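File shown: target.txt (compact mmCIF, C-alpha atoms).
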# COMPACT_ATOMS: atom_id res chain seq x y z
CA MET U 1 0.00 0.00 0.00
CA GLU U 2 1.43 3.37 -1.03
CA ILE U 3 1.46 6.25 1.43
CA ASP U 4 2.18 9.96 1.21
CA PRO U 5 5.87 10.17 0.23
CA ASP U 6 6.42 13.02 2.69
CA ILE U 7 5.18 10.82 5.53
CA ARG U 8 7.36 7.93 4.39
CA ALA U 9 10.39 10.23 4.20
CA LEU U 10 9.62 11.70 7.62
CA PHE U 11 9.59 8.33 9.34
CA ALA U 12 12.52 7.04 7.32
CA GLY U 13 14.57 9.87 8.83
CA ARG U 14 13.75 8.61 12.35
CA PRO U 15 13.47 12.12 13.82
CA TRP U 16 12.72 10.78 17.29
CA ARG U 17 16.38 9.86 17.56
CA ARG U 18 17.14 13.57 17.80
CA VAL U 19 14.97 14.01 20.89
CA PRO U 20 17.44 14.78 23.71
CA GLY U 21 17.38 12.82 26.93
CA THR U 22 16.61 16.05 28.77
CA ALA U 23 13.30 16.45 26.91
CA PHE U 24 11.30 14.11 29.16
CA GLY U 25 10.97 16.64 31.96
CA ALA U 26 9.14 15.35 35.02
CA ALA U 27 8.23 12.16 33.11
CA THR U 28 11.79 10.99 33.77
CA ASP U 29 10.76 10.18 37.34
CA VAL U 30 7.67 8.10 36.52
CA PRO U 31 8.43 4.33 36.53
CA THR U 32 8.34 2.64 33.15
CA MET U 33 9.53 -0.48 31.38
CA LEU U 34 10.26 1.55 28.24
CA ASN U 35 13.86 2.16 27.29
CA ASP U 36 15.13 5.60 26.27
CA ARG U 37 14.79 4.94 22.53
CA GLU U 38 11.17 3.93 22.95
CA ARG U 39 10.42 6.93 25.16
CA ARG U 40 11.93 9.22 22.52
CA LEU U 41 9.52 7.83 19.93
CA TYR U 42 6.55 8.23 22.29
CA LEU U 43 7.43 11.83 23.08
CA TRP U 44 8.07 12.70 19.43
CA LEU U 45 4.76 11.19 18.32
CA ALA U 46 2.78 13.11 20.96
CA ARG U 47 4.71 16.35 20.43
CA ASP U 48 5.52 16.46 16.72
CA TRP U 49 3.19 14.06 14.94
CA VAL U 50 -0.14 14.43 16.74
CA ARG U 51 -2.17 17.42 15.56
CA GLY U 52 -5.23 17.14 17.75
CA ALA U 53 -7.34 15.24 15.21
CA GLY U 54 -8.23 12.64 17.84
CA ALA U 55 -7.41 11.21 21.23
CA ILE U 56 -4.21 9.59 22.44
CA VAL U 57 -4.85 6.09 23.83
CA ASP U 58 -2.29 4.16 25.88
CA LEU U 59 -3.14 0.47 26.32
CA GLY U 60 -1.02 -1.04 29.08
CA CYS U 61 0.45 1.95 30.90
CA PHE U 62 1.85 -0.04 33.88
CA LEU U 63 2.75 2.60 36.52
CA GLY U 64 2.09 5.53 34.23
CA GLY U 65 5.52 6.00 32.66
CA SER U 66 4.37 5.73 29.06
CA THR U 67 1.34 7.91 29.75
CA ALA U 68 3.56 10.54 31.37
CA VAL U 69 5.87 10.67 28.33
CA LEU U 70 2.90 11.00 26.00
CA ALA U 71 1.44 13.72 28.22
CA GLU U 72 4.77 15.54 28.34
CA GLY U 73 4.87 15.51 24.54
CA ARG U 74 1.34 16.85 24.42
CA ALA U 75 2.24 19.60 26.89
CA GLN U 76 5.32 20.65 24.91
CA ALA U 77 3.19 20.93 21.78
CA GLY U 78 0.53 22.93 23.62
CA GLY U 79 -2.05 20.27 22.86
CA THR U 80 -5.30 19.73 24.71
CA GLN U 81 -6.51 16.45 23.20
CA PRO U 82 -7.56 13.83 25.76
CA ILE U 83 -5.29 10.99 26.81
CA HIS U 84 -6.86 7.70 27.89
CA ALA U 85 -4.72 5.14 29.75
CA TYR U 86 -5.87 1.55 30.22
CA ASP U 87 -4.42 -1.05 32.56
CA ARG U 88 -5.36 -3.60 35.17
CA PHE U 89 -3.46 -1.33 37.60
CA ARG U 90 -2.03 -4.18 39.61
CA ILE U 91 1.61 -4.94 40.33
CA SER U 92 3.29 -8.09 41.58
CA ASP U 93 5.73 -8.15 44.49
CA GLU U 94 8.54 -8.95 42.05
CA LEU U 95 7.86 -5.92 39.86
CA ALA U 96 7.16 -3.71 42.85
CA ALA U 97 10.60 -4.56 44.23
CA MET U 98 12.13 -3.51 40.90
CA TYR U 99 10.16 -0.33 40.30
CA LEU U 100 8.77 0.80 43.64
CA ASP U 101 11.09 -0.58 46.32
CA GLY U 102 8.07 -1.93 48.12
CA PRO U 103 5.37 -4.61 48.12
CA GLY U 104 2.97 -5.25 45.28
CA SER U 105 -0.57 -4.00 45.23
CA GLU U 106 -3.93 -5.22 44.01
CA ASP U 107 -4.83 -1.65 43.01
CA THR U 108 -2.26 0.92 41.88
CA THR U 109 -4.83 3.32 40.41
CA ASP U 110 -4.34 5.97 43.11
CA LEU U 111 -0.56 5.67 42.86
CA VAL U 112 -0.62 6.13 39.09
CA ALA U 113 -3.01 9.07 39.44
CA ARG U 114 -0.51 10.78 41.75
CA LEU U 115 2.39 10.07 39.41
CA ILE U 116 0.65 11.60 36.39
CA ALA U 117 -0.88 14.51 38.31
CA PRO U 118 1.57 17.08 36.81
CA TRP U 119 -0.10 16.58 33.40
CA GLN U 120 -3.70 16.81 34.50
CA PRO U 121 -6.34 17.72 33.46
CA GLY U 122 -7.02 15.71 30.37
CA ILE U 123 -5.90 12.20 31.34
CA THR U 124 -8.46 9.49 32.11
CA LEU U 125 -7.48 6.19 33.72
CA HIS U 126 -9.48 3.08 32.81
CA ARG U 127 -8.98 0.20 35.26
CA GLY U 128 -9.75 -3.41 34.39
CA ASP U 129 -9.16 -6.14 31.85
CA LEU U 130 -9.40 -4.97 28.26
CA ALA U 131 -11.89 -7.75 27.60
CA GLY U 132 -14.44 -5.67 29.49
CA GLN U 133 -13.48 -2.22 28.18
CA SER U 134 -15.11 -0.09 25.51
CA TRP U 135 -14.40 3.12 23.62
CA THR U 136 -16.77 6.05 23.13
CA GLY U 137 -14.22 8.84 22.81
CA GLY U 138 -14.40 9.49 19.07
CA PRO U 139 -11.44 9.44 16.67
CA ILE U 140 -8.07 8.11 17.86
CA GLU U 141 -4.96 9.74 16.45
CA LEU U 142 -2.34 7.78 18.38
CA LEU U 143 -2.91 4.26 19.72
CA VAL U 144 -0.16 2.68 21.80
CA VAL U 145 -0.57 -1.08 22.30
CA ASP U 146 1.43 -2.71 25.08
CA ALA U 147 -1.30 -5.00 26.39
CA ALA U 148 -1.81 -7.60 23.65
CA LYS U 149 -0.21 -10.36 25.70
CA THR U 150 -2.75 -12.89 24.47
CA ALA U 151 -4.28 -13.42 21.06
CA ALA U 152 -7.74 -12.89 22.56
CA VAL U 153 -6.77 -9.47 23.90
CA ALA U 154 -5.22 -8.55 20.54
CA ASP U 155 -8.53 -9.37 18.88
CA ARG U 156 -10.41 -7.33 21.47
CA ILE U 157 -8.13 -4.32 20.97
CA ALA U 158 -8.69 -4.44 17.22
CA GLN U 159 -12.45 -4.78 17.65
CA VAL U 160 -12.81 -1.93 20.14
CA PHE U 161 -10.27 0.63 18.95
CA PHE U 162 -9.23 0.12 15.32
CA ALA U 163 -12.47 1.34 13.75
CA HIS U 164 -11.82 4.78 15.31
CA LEU U 165 -8.45 5.29 13.64
CA ILE U 166 -8.06 8.11 11.10
CA PRO U 167 -6.78 7.00 7.67
CA GLY U 168 -3.64 8.87 6.69
CA ARG U 169 -3.19 10.23 10.19
CA SER U 170 -3.41 7.64 12.96
CA ILE U 171 -0.35 5.78 14.18
CA VAL U 172 -0.60 2.42 15.94
CA VAL U 173 2.44 1.58 18.06
CA GLN U 174 2.71 -2.18 18.55
CA GLN U 175 5.19 -2.27 21.42
CA ASP U 176 5.73 -6.05 21.17
CA ALA U 177 5.28 -6.58 17.44
CA LEU U 178 8.54 -8.52 17.09
CA HIS U 179 8.66 -10.21 20.49
CA TRP U 180 9.07 -13.96 20.15
CA ARG U 181 6.37 -14.58 22.76
CA GLN U 182 3.70 -12.70 20.76
CA PRO U 183 3.90 -13.94 17.17
CA TRP U 184 0.22 -13.21 16.52
CA LEU U 185 0.84 -9.44 16.45
CA PRO U 186 2.74 -9.07 13.15
CA ALA U 187 0.50 -11.72 11.59
CA GLN U 188 -2.62 -9.80 12.60
CA MET U 189 -1.28 -6.53 11.21
CA ALA U 190 -0.21 -8.25 7.98
CA TRP U 191 -3.67 -9.78 7.52
CA MET U 192 -5.05 -6.23 7.74
CA GLY U 193 -2.34 -4.98 5.37
CA GLU U 194 -4.82 -2.99 3.29
CA ALA U 195 -5.39 -0.79 6.33
CA PHE U 196 -1.89 -0.55 7.83
CA VAL U 197 1.62 0.20 6.58
CA PRO U 198 4.65 -0.24 8.87
CA VAL U 199 6.59 3.04 8.97
CA GLY U 200 9.03 2.77 11.86
CA ARG U 201 10.89 0.40 14.14
CA VAL U 202 12.57 1.11 17.47
CA GLY U 203 14.79 -1.34 19.34
CA ARG U 204 14.16 -5.06 19.09
CA ASP U 205 10.39 -5.31 19.23
CA LEU U 206 8.50 -2.05 18.59
CA VAL U 207 6.92 -1.36 15.20
CA ALA U 208 4.84 1.72 14.35
CA TYR U 209 2.10 1.41 11.72
CA LEU U 210 0.29 4.14 9.82
CA CYS U 211 -3.43 3.58 9.29
CA VAL U 212 -4.08 4.15 5.57
CA LYS U 213 -7.62 2.84 5.17
CA PRO U 214 -10.70 2.67 7.40
CA VAL U 215 -10.76 -0.48 9.49
CA ASP U 216 -14.20 -1.85 8.74
CA ALA U 217 -15.87 -5.14 9.57
CA ASP U 218 -14.19 -6.89 6.64
CA GLN U 219 -10.75 -5.76 7.77
CA LEU U 220 -11.44 -6.87 11.33
CA ALA U 221 -12.60 -10.28 10.08
CA ARG U 222 -9.38 -10.67 8.07
CA GLY U 223 -7.29 -9.76 11.09
CA ARG U 224 -9.08 -11.96 13.62
CA ILE U 225 -6.74 -14.41 15.33
CA ALA U 226 -9.41 -16.50 17.05
CA GLY U 227 -9.86 -19.84 15.33
CA ARG U 228 -6.61 -19.60 13.39
CA GLN U 229 -4.33 -22.63 13.36
CA ASP U 230 -0.57 -22.46 13.84
CA ARG U 231 -0.19 -22.95 10.09
CA ASP U 232 -2.26 -19.81 9.53
CA LEU U 233 -0.12 -17.80 11.91
CA ILE U 234 3.05 -19.01 10.22
CA ALA U 235 1.63 -17.94 6.86
CA GLY U 236 0.74 -14.57 8.40
CA LEU U 237 4.26 -14.19 9.76
CA SER U 238 5.65 -14.88 6.30
CA MET U 239 3.43 -12.08 4.97
CA ALA U 240 4.64 -9.83 7.76
CA GLU U 241 8.25 -10.59 6.92
CA ALA U 242 7.72 -9.19 3.43
CA ASP U 243 5.85 -6.13 4.75
CA LEU U 244 8.58 -5.39 7.30
CA ALA U 245 11.57 -6.15 5.06
CA GLU U 246 12.75 -2.52 4.91
CA LEU U 247 12.53 -2.03 8.68
CA VAL U 248 13.33 -5.30 10.39
CA PRO U 249 16.62 -7.23 10.44
CA GLU U 250 16.47 -10.53 8.64
CA GLY U 251 15.56 -13.39 10.94
CA ARG U 252 13.27 -11.64 13.43
CA THR U 253 10.03 -13.07 12.07
CA ALA U 254 11.80 -16.40 11.52
CA ALA U 255 12.53 -16.42 15.25
CA GLN U 256 8.84 -15.87 15.93
CA ILE U 257 7.97 -18.79 13.66
CA ASP U 258 10.44 -20.98 15.55
CA ALA U 259 8.87 -19.88 18.84
CA LEU U 260 5.41 -20.74 17.55
CA ARG U 261 6.56 -24.17 16.41
CA ALA U 262 8.12 -24.79 19.82
CA ASN U 263 4.87 -23.74 21.53
CA PRO U 264 2.10 -25.28 19.43
CA ASN U 265 -1.42 -23.93 19.88
CA ARG U 266 -0.38 -21.45 22.56
CA ARG U 267 -1.88 -17.98 22.39
CA ALA U 268 -0.65 -16.36 25.62
CA ALA U 269 2.80 -14.81 26.00
CA LYS U 270 3.32 -16.16 29.51
CA ALA U 271 2.75 -19.72 28.24
CA PHE U 272 5.57 -19.54 25.70
CA ARG U 273 8.79 -21.38 26.44
CA ASP U 274 12.16 -20.45 25.00
CA PRO U 275 12.45 -22.20 21.60
CA ASP U 276 16.19 -22.65 22.15
CA LYS U 277 15.33 -24.96 25.04
CA THR U 278 12.25 -26.62 23.57
CA PRO U 279 12.07 -29.33 20.88
CA VAL U 280 10.66 -27.78 17.72
CA SER U 281 7.98 -29.59 15.74
CA ARG U 282 7.87 -28.82 12.03
CA ILE U 283 4.49 -27.55 10.92
Go ahead and render the structure in this file as structure tokens.
Amino acid sequence: MEIDPDIRALFAGRPWRRVPGTAFGAATDVPTMLNDRERRLYLWLARDWVRGAGAIVDLGCFLGGSTAVLAEGRAQAGGTQPIHAYDRFRISDELAAMYLDGPGSEDTTDLVARLIAPWQPGITLHRGDLAGQSWTGGPIELLVVDAAKTAAVADRIAQVFFAHLIPGRSIVVQQDALHWRQPWLPAQMAWMGEAFVPVGRVGRDLVAYLCVKPVDADQLARGRIAGRQDRDLIAGLSMAEADLAELVPEGRTAAQIDALRANPNRRAAKAFRDPDKTPVSRI
């Protein structure tokens, strides 16, 4: 699918790399699993790409770090568009020890609200599993996906949010597009290739896609993972490899195929075992 050559050239230049480490402001102090390269992309998208045509949606904000960077970008641009952050807002003892120096919590909503307070008003927190969430906020200009840890959730995200994307304008950031534990993500985006074009990659796993066509019921049906066999996913990954050839080092999607073969019929990231330590069945 062809896109505006100016947009292609813009992303090919990877301007987010020129965002200085000092640009994060107070967001530097909000806990996040994002690395600096990823945070630079997030800030650049919210500051320099977003024009206020729709909302910013952050799916899987953890302790608020990604939301804070997006909000800081919005603030630097003088934007007022709403930001919606979704998460279960729970943290295990293990992660709490790493990021909070304290015990885990069954409800971190109040903590996250305090951490993102410098960028209020305009940020809404949505607590709960995405399976039970909905969207009534109108067009979405920037959709960050860091919660598609199962194929079922990936399908739900597409069903709830993709129809509200703006062709030629909306960016979908798939934080784990190339992660070996989530091989359904590039396959899903490839199946909906009429609606999405990959335009940027950051680090090992993140891929940014430009929405180029309305995501209608037919597109959603093509991209649905539910009911697909491993063979289908492998075929989808082969399609994705061709789509991502200009952005992704050779072998990344092949590694996802190997992971899928080593974990037959599994559709949850936490259920995947390292393919280097697991006998691989040829499908």
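The gap separating atom CA of U:Arg47 from atom CA of U:Val153 is 28.5 Å, in Å to one decimal.
Interatomic distance, atom CA of U:Thr67 against atom CA of U:Gly223: 27.1 Å.
What separates atom CA of U:Met239 from atom CA of U:Ala152 is a distance of 20.9 Å.
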Near-stretch 50-53 of chain U list (10 Å; all atoms listed in the file; drop same-chain fewer than 5 positions) as JSON, numbers by chain: {"U": [44, 45, 73, 74, 77, 79, 80, 81, 82, 138, 139, 140, 141, 142, 166, 169, 170, 171]}
If you count all atoms listed in the file, the residue of U:Gln174, U:Val215, U:Trp135, U:Arg261 closest to U:Gly200 turns out to be U:Gln174
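Using only C-alpha atoms, the smallest distance between any of U:Glu194, U:Asp87, U:Glu94, U:Glu38 and U:Ala131 comes from U:Asp87.
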Which one is closest to U:Thr108: U:Ala226, U:Ala75, U:Leu63, U:Val144? Count all atoms listed in the file. U:Leu63
Which protein, DNA or RNA residues are at most 12 Å from (3.3, 5.6, 0.6) in the file's coordinates when you count all atoms listed in the file, listed as number ranges by chain? U: 1-12, 168, 196-199, 209-212
What lies within 9 Å of U:Ala23 using all atoms listed in the file, ignoring chain neighbours under 2 positions off, as a PyMOL selection string? chain U and resi 19-21+25+28+40+43+72-73
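Across U:Met98, U:Leu125, U:Ala190, U:Ile225, the tightest approach to U:Asp110 is made by U:Leu125 when counting all atoms listed in the file.
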